[in-house]
Amino acid sequence: MPLLIITTILWAFSFSLIGVYLAGQVDSVFSVLVRLGLAALIFLPFLRWKGHQLTTILLYMAVGAMQLGIMYLISFEAYLYLSVPEFLLFTVMTPLYVTLIYDLISGRKIRIGYALSALLAVAGAAIIRYDHISEHFIIGLLLVQAANICFAIGQVGYKRLMETRPMPQHTAFSWFYLGALLCAVVAWFLWGNPQKLPTTDLQWGILVWLGIGASGLGYFMWNYGATQVDAGTLGIMNNFHVPAGLLVNLAIWQQQPYWPSFIVGAAVIMSSLWVHRRWVVPRREQTADDRTRAAAPNE
């Protein structure tokens with residue numbers, strides 16, 4: 001838990017730095033490439049393949065490509081359509097994805113209540129921009145959800161790999177980042193724009209910070225912490241970056257949303273999580289208890 005909290009604080013500044021200084025000014029694919037390149041460089045000394053099955057190595061690389069490579073490529077694009085507060089708020093659905101995907105990977109039955117909770121959160125997102133929902137806004141919302149799903153798959157995948165195919169965490173992350181970097185390299189050759197590289201020392205400095213601090217150290221601490229807690233706690237912790245990121249964005253950059261619709265929409269989204277925790281999860285637990293009692297022998 002402490003690692004998850006520290007990482008949340010570390011990431012709180014990243015959203016605004018990207019939204020204010022990089023989005024629309026620096027090619028998003030290049031930003032991802034530099035960020036993941038620096039992160040991979042940090043863990044390169046720990047790269048080991050002796051004693052590990054090729055399948056296991058490829059799985060860790062695939063998890064890294066999904067959680068960071070594809071997720072970054074999608075989320076950096078989403079910043080072009082949304083403000084930082086909107087981007088942060090729409091990541092609130094990640095806990096639902098984490099729990100649902102964990103159930104799928106673990107072979108459990110899919111819970112309809114989780115899908116209904118997610119739909120309520122989508123309704124809250126629509127309320128925020130009910131007065132002028134544009135095509136750009138809808139695209140941004142969908143991009144963030146796609147990024148959320150990739151991030152959730154990566155978290156759960158890493159946690160499950162550590163449960164079923166464990167290896168030293170620093171070694172696992174060397175392959176994790178290598179997979180993410182390879183994804184970014186392919187994307188650069190396919191879609192990169194050499195005409196939109198950083199032009200100021202500040203932009204380069206932000207990329208270095210994002211690569212070494214937010215990504216290199218941040219994701220290692222986050223995924224390491226994820227292996228120390230249950231899936232429910234991991235899902236809940238995914239939401240703590242929302243108030244932290246909004247606080248940084250409002251306090252330092254003074255970027256404020258349109259408060260009436262923002263507050264109402266945020267309340268609906270947060271209520272979706274409350275409904276989920278208040279009724280969906282307890283009902284599931286109650287059903288499990290009933291089944292246990294029914295299967296138990298009579299005393």
# chains A, B, ... in the order shown; residues from 1 in each chain; ligands from 1
>>> residues_around(residues="Ala39 (chain A)", least_positions_apart="3", cutoff="7 Å", atoms="only C-alpha atoms", output="list in words")
Arg35, Leu36, Ile42, Phe43, Tyr177, Gly211, Ile212, Ser215 and Gly216 of chain A
>>> select_by_dssp(residues="region 45-188 of chain A", states="alpha helix (DSSP H)", output="ChimeraX atom specification")
/A:54-64,71-78,84-90,94-106,112-128,135-164,169-188
>>> residues_around(residues="Phe13 (chain A)", least_positions_apart="4", cutoff="10 Å", atoms="only C-alpha atoms", output="list of chain:residue names")
A:Thr8, A:Ile9, A:Leu17, A:Ile18, A:Leu210, A:Ala214, A:His241, A:Ala244, A:Gly245, A:Leu246, A:Leu247, A:Val248, A:Asn249, A:Ile252
>>> write_last_selection(atoms="N, CA, C and O atoms", output="short mmCIF file (atom, residue, chain, number, x, y, z; two decimals), in the first residue's frame")
data_model
loop_
_atom_site.label_atom_id
_atom_site.label_comp_id
_atom_site.auth_asym_id
_atom_site.auth_seq_id
_atom_site.Cartn_x
_atom_site.Cartn_y
_atom_site.Cartn_z
N THR A 8 1.10 7.39 -6.49
CA THR A 8 -0.01 8.29 -6.78
C THR A 8 0.42 9.74 -6.67
O THR A 8 0.08 10.58 -7.52
N ILE A 9 1.16 10.06 -5.62
CA ILE A 9 1.67 11.43 -5.45
C ILE A 9 2.63 11.78 -6.57
O ILE A 9 2.61 12.89 -7.11
N LEU A 17 1.55 18.24 -16.56
CA LEU A 17 2.75 18.50 -17.36
C LEU A 17 2.53 18.10 -18.81
O LEU A 17 2.92 18.83 -19.74
N ILE A 18 1.88 16.96 -19.02
CA ILE A 18 1.60 16.51 -20.38
C ILE A 18 0.56 17.41 -21.04
O ILE A 18 0.73 17.87 -22.18
N LEU A 210 9.41 12.47 -17.00
CA LEU A 210 8.39 11.46 -17.22
C LEU A 210 9.01 10.08 -17.45
O LEU A 210 8.48 9.06 -17.00
N ALA A 214 8.37 9.37 -13.45
CA ALA A 214 6.99 8.88 -13.51
C ALA A 214 6.89 7.46 -14.06
O ALA A 214 6.12 6.64 -13.57
N HIS A 241 -5.53 8.84 -7.87
CA HIS A 241 -4.81 9.82 -8.67
C HIS A 241 -5.73 10.91 -9.20
O HIS A 241 -5.26 11.98 -9.60
N ALA A 244 -5.84 13.79 -6.61
CA ALA A 244 -4.47 14.30 -6.53
C ALA A 244 -4.11 15.09 -7.77
O ALA A 244 -3.54 16.19 -7.70
N GLY A 245 -4.43 14.53 -8.93
CA GLY A 245 -4.12 15.22 -10.18
C GLY A 245 -4.92 16.49 -10.35
O GLY A 245 -4.40 17.51 -10.85
N LEU A 246 -6.19 16.47 -9.97
CA LEU A 246 -7.02 17.68 -10.06
C LEU A 246 -6.51 18.76 -9.13
O LEU A 246 -6.49 19.95 -9.50
N LEU A 247 -6.07 18.39 -7.94
CA LEU A 247 -5.55 19.37 -6.99
C LEU A 247 -4.32 20.07 -7.55
O LEU A 247 -4.19 21.30 -7.46
N VAL A 248 -3.42 19.30 -8.14
CA VAL A 248 -2.21 19.88 -8.74
C VAL A 248 -2.58 20.79 -9.91
O VAL A 248 -2.07 21.91 -10.04
N ASN A 249 -3.49 20.32 -10.76
CA ASN A 249 -3.88 21.10 -11.93
C ASN A 249 -4.54 22.42 -11.56
O ASN A 249 -4.29 23.46 -12.19
N ILE A 252 -1.73 24.77 -9.24
CA ILE A 252 -0.54 25.31 -9.90
C ILE A 252 -0.86 25.98 -11.21
O ILE A 252 -0.38 27.09 -11.48
#
>>> closest_residue(among="A:Val275, A:Val208, A:Val156, A:Ala180", to="Val229 (chain A)", atoms="only C-alpha atoms")
A:Val156
>>> closest_residue(among="A:Ser28, A:Thr7, A:Thr171, A:Ser14", to="Ala184 (chain A)", atoms="only C-alpha atoms")
A:Ser28
>>> closest_residue(among="A:Met270, A:Tyr79, A:Cys183, A:Gly51", to="Pro243 (chain A)", atoms="only C-alpha atoms")
A:Met270
>>> residues_around(residues="Ala267 (chain A)", least_positions_apart="5", cutoff="9 Å", atoms="only C-alpha atoms", output="PyMOL selection string")
chain A and resi 124+262+272
>>> write_last_selection(atoms="N, CA and C atoms", output="PDB file, in the first residue's frame")
ATOM      1  N   GLY A 124     -22.438   9.907 -16.250  1.00  0.00           N
ATOM      2  CA  GLY A 124     -21.861  11.055 -15.556  1.00  0.00           C
ATOM      3  C   GLY A 124     -20.919  11.834 -16.447  1.00  0.00           C
ATOM      4  N   PHE A 262     -19.558  20.072 -14.201  1.00  0.00           N
ATOM      5  CA  PHE A 262     -18.438  19.224 -13.801  1.00  0.00           C
ATOM      6  C   PHE A 262     -18.716  18.538 -12.470  1.00  0.00           C
ATOM      7  N   SER A 272     -21.354   6.011  -9.111  1.00  0.00           N
ATOM      8  CA  SER A 272     -21.306   4.688  -9.744  1.00  0.00           C
ATOM      9  C   SER A 272     -20.385   3.763  -8.962  1.00  0.00           C
TER      10      SER A 272
END
>>> closest_residue(among="A:Leu178, A:Val34, A:Val242, A:Leu142", to="Tyr60 (chain A)", atoms="only C-alpha atoms")
A:Leu178
>>> atom_distance(atom1="CA of Thr227 (chain A)", atom2="CA of Leu143 (chain A)")
27.3 Å
>>> closest_residue(among="A:Leu22, A:Ala12, A:Ala65, A:Leu120", to="Trp204 (chain A)", atoms="only C-alpha atoms")
A:Leu22
>>> residues_around(residues="Tyr158 (chain A)", least_positions_apart="4", cutoff="9 Å", atoms="only C-alpha atoms", output="count of residues only")
12
>>> atom_distance(atom1="CA of Ile6 (chain A)", atom2="CA of Trp209 (chain A)")
16.0 Å
